[in-house]
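Everything below belongs to target08.cif, which stores mmCIF, C-alpha atoms.
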```
data_model
loop_
_atom_site.label_atom_id
_atom_site.label_comp_id
_atom_site.auth_asym_id
_atom_site.auth_seq_id
_atom_site.Cartn_x
_atom_site.Cartn_y
_atom_site.Cartn_z
CA MET A 1412 -13.75 -32.28 -13.44
CA VAL A 1413 -14.64 -28.92 -11.90
CA ALA A 1414 -14.03 -30.25 -8.40
CA ARG A 1415 -10.43 -31.14 -9.28
CA GLU A 1416 -9.74 -27.66 -10.64
CA LEU A 1417 -11.39 -26.03 -7.64
CA ILE A 1418 -9.23 -28.09 -5.27
CA ALA A 1419 -6.14 -27.06 -7.24
CA ALA A 1420 -7.14 -23.39 -6.96
CA VAL A 1421 -7.77 -23.67 -3.20
CA LEU A 1422 -4.46 -25.44 -2.64
CA GLY A 1423 -2.64 -22.81 -4.70
CA VAL A 1424 -4.15 -19.96 -2.70
CA GLY A 1425 -3.48 -21.80 0.57
CA PHE A 1426 0.16 -22.47 -0.31
CA GLY A 1427 0.62 -18.86 -1.41
CA LEU A 1428 -0.80 -17.58 1.87
CA PHE A 1429 1.45 -20.00 3.78
CA LEU A 1430 4.50 -18.60 1.96
CA VAL A 1431 3.46 -15.04 2.80
CA ALA A 1432 2.68 -15.79 6.45
CA PHE A 1433 5.57 -18.15 7.27
CA PRO A 1434 8.52 -17.53 4.92
CA GLN A 1435 11.06 -18.58 7.55
CA ALA A 1436 9.51 -22.06 7.80
CA PHE A 1437 9.70 -22.51 4.04
CA VAL A 1438 13.35 -21.40 3.86
CA ARG A 1439 14.29 -23.72 6.72
CA SER A 1440 12.57 -26.70 5.13
CA TRP A 1441 14.06 -25.90 1.72
CA THR A 1442 17.61 -25.68 3.06
CA ALA A 1443 17.38 -28.66 5.45
CA GLY A 1444 20.50 -30.77 5.12
CA ARG A 1445 22.19 -28.26 2.82
CA GLY A 1446 24.22 -25.15 3.33
CA ARG A 1447 22.36 -22.10 4.46
CA PRO A 1448 21.72 -19.28 1.98
CA ASP A 1449 24.12 -17.02 3.90
CA PRO A 1450 27.83 -17.86 3.81
CA SER A 1451 28.53 -16.88 7.42
CA ARG A 1452 29.50 -19.57 9.88
CA GLY A 1453 28.72 -19.54 13.56
CA GLU A 1454 29.50 -21.63 16.59
CA TYR A 1455 28.46 -25.24 16.67
CA GLY A 1456 24.78 -25.44 17.52
CA ALA A 1457 24.17 -21.75 16.96
CA ASP A 1458 21.08 -21.00 14.92
CA GLY A 1459 21.73 -18.14 12.55
CA SER A 1460 19.03 -15.99 11.06
CA THR A 1461 18.00 -16.04 7.42
CA PRO A 1462 18.82 -12.86 5.50
CA GLU A 1463 15.82 -10.60 4.97
CA LYS A 1464 16.20 -10.65 1.18
CA TRP A 1465 15.41 -14.38 1.06
CA LEU A 1466 12.34 -13.88 3.22
CA TRP A 1467 11.10 -11.16 0.85
CA VAL A 1468 11.78 -13.38 -2.17
CA VAL A 1469 9.66 -16.14 -0.60
CA ARG A 1470 6.90 -13.66 0.29
CA GLY A 1471 6.89 -12.36 -3.30
CA ALA A 1472 6.65 -15.90 -4.62
CA GLY A 1473 3.77 -16.51 -2.21
CA VAL A 1474 1.87 -13.50 -3.52
CA LEU A 1475 2.45 -14.71 -7.08
CA VAL A 1476 1.27 -18.26 -6.29
CA ALA A 1477 -1.83 -16.96 -4.49
CA ALA A 1478 -2.66 -14.65 -7.40
CA ILE A 1479 -2.33 -17.50 -9.87
CA GLY A 1480 -4.59 -19.66 -7.68
CA ILE A 1481 -7.20 -16.89 -7.48
CA GLY A 1482 -7.05 -16.37 -11.23
CA PHE A 1483 -7.35 -20.09 -11.87
CA GLY A 1484 -10.32 -20.35 -9.49
CA ALA A 1485 -12.00 -17.32 -11.03
CA SER A 1486 -11.64 -18.77 -14.51
CA LEU A 1487 -13.88 -21.67 -13.43
CA TYR A 1488 -16.79 -19.30 -12.89
CA LEU A 1489 -16.33 -16.88 -15.77
#
```

Exercise: express the given structure as structure tokens:
Amino acid sequence: MVARELIAAVLGVGFGLFLVAFPQAFVRSWTAGRGRPDPSRGEYGADGSTPEKWLWVVRGAGVLVAAIGIGFGASLYL
């Protein structure tokens, strides 16, 4: 039972660190096949950039997820 919770804590911390390190990859995968978070349109085939506010939102969520994973992992040993 402890192994399952430890794996969940490690995956939570890992996913949180991924969100902090690579927010652009997460936004691109989240918006794949849908409209982009910015309303601007470009030329066909042009790759626009994601607005900075969305990258900071994803980074903030990553910090929150990593903190929850650390707290969950620490609760196993306290």

Exercise. Do you know which residues are at most 12 Å from range 1474-1483 of chain A counting only C-alpha atoms, after dropping those on the same chain fewer than 2 positions away, and could you put them as an MDAnalysis selection string?
Worked result: chainID A and resid 1413 1415:1432 1434 1467:1472 1485:1489

With C-alpha atoms retained, write the just-selected residues as a compact mmCIF listing (two decimals), in the coordinates of the input.
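Once written, result-v7.txt looks like this:
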```txt
# COMPACT_ATOMS: atom_id res chain seq x y z
CA VAL A 1413 -14.64 -28.92 -11.90
CA ARG A 1415 -10.43 -31.14 -9.28
CA GLU A 1416 -9.74 -27.66 -10.64
CA LEU A 1417 -11.39 -26.03 -7.64
CA ILE A 1418 -9.23 -28.09 -5.27
CA ALA A 1419 -6.14 -27.06 -7.24
CA ALA A 1420 -7.14 -23.39 -6.96
CA VAL A 1421 -7.77 -23.67 -3.20
CA LEU A 1422 -4.46 -25.44 -2.64
CA GLY A 1423 -2.64 -22.81 -4.70
CA VAL A 1424 -4.15 -19.96 -2.70
CA GLY A 1425 -3.48 -21.80 0.57
CA PHE A 1426 0.16 -22.47 -0.31
CA GLY A 1427 0.62 -18.86 -1.41
CA LEU A 1428 -0.80 -17.58 1.87
CA PHE A 1429 1.45 -20.00 3.78
CA LEU A 1430 4.50 -18.60 1.96
CA VAL A 1431 3.46 -15.04 2.80
CA ALA A 1432 2.68 -15.79 6.45
CA PRO A 1434 8.52 -17.53 4.92
CA TRP A 1467 11.10 -11.16 0.85
CA VAL A 1468 11.78 -13.38 -2.17
CA VAL A 1469 9.66 -16.14 -0.60
CA ARG A 1470 6.90 -13.66 0.29
CA GLY A 1471 6.89 -12.36 -3.30
CA ALA A 1472 6.65 -15.90 -4.62
CA ALA A 1485 -12.00 -17.32 -11.03
CA SER A 1486 -11.64 -18.77 -14.51
CA LEU A 1487 -13.88 -21.67 -13.43
CA TYR A 1488 -16.79 -19.30 -12.89
CA LEU A 1489 -16.33 -16.88 -15.77
```

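Between CA of Phe1437 in chain A and CA of Lys1464 in chain A lies a distance of 13.8 Å.
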
Problem set entry | Who sits within 8 Å of Val1438 in chain A, all atoms listed in the file, same chain under 6 positions skipped, as number ranges by chain | A: 1461, 1465-1466, 1469
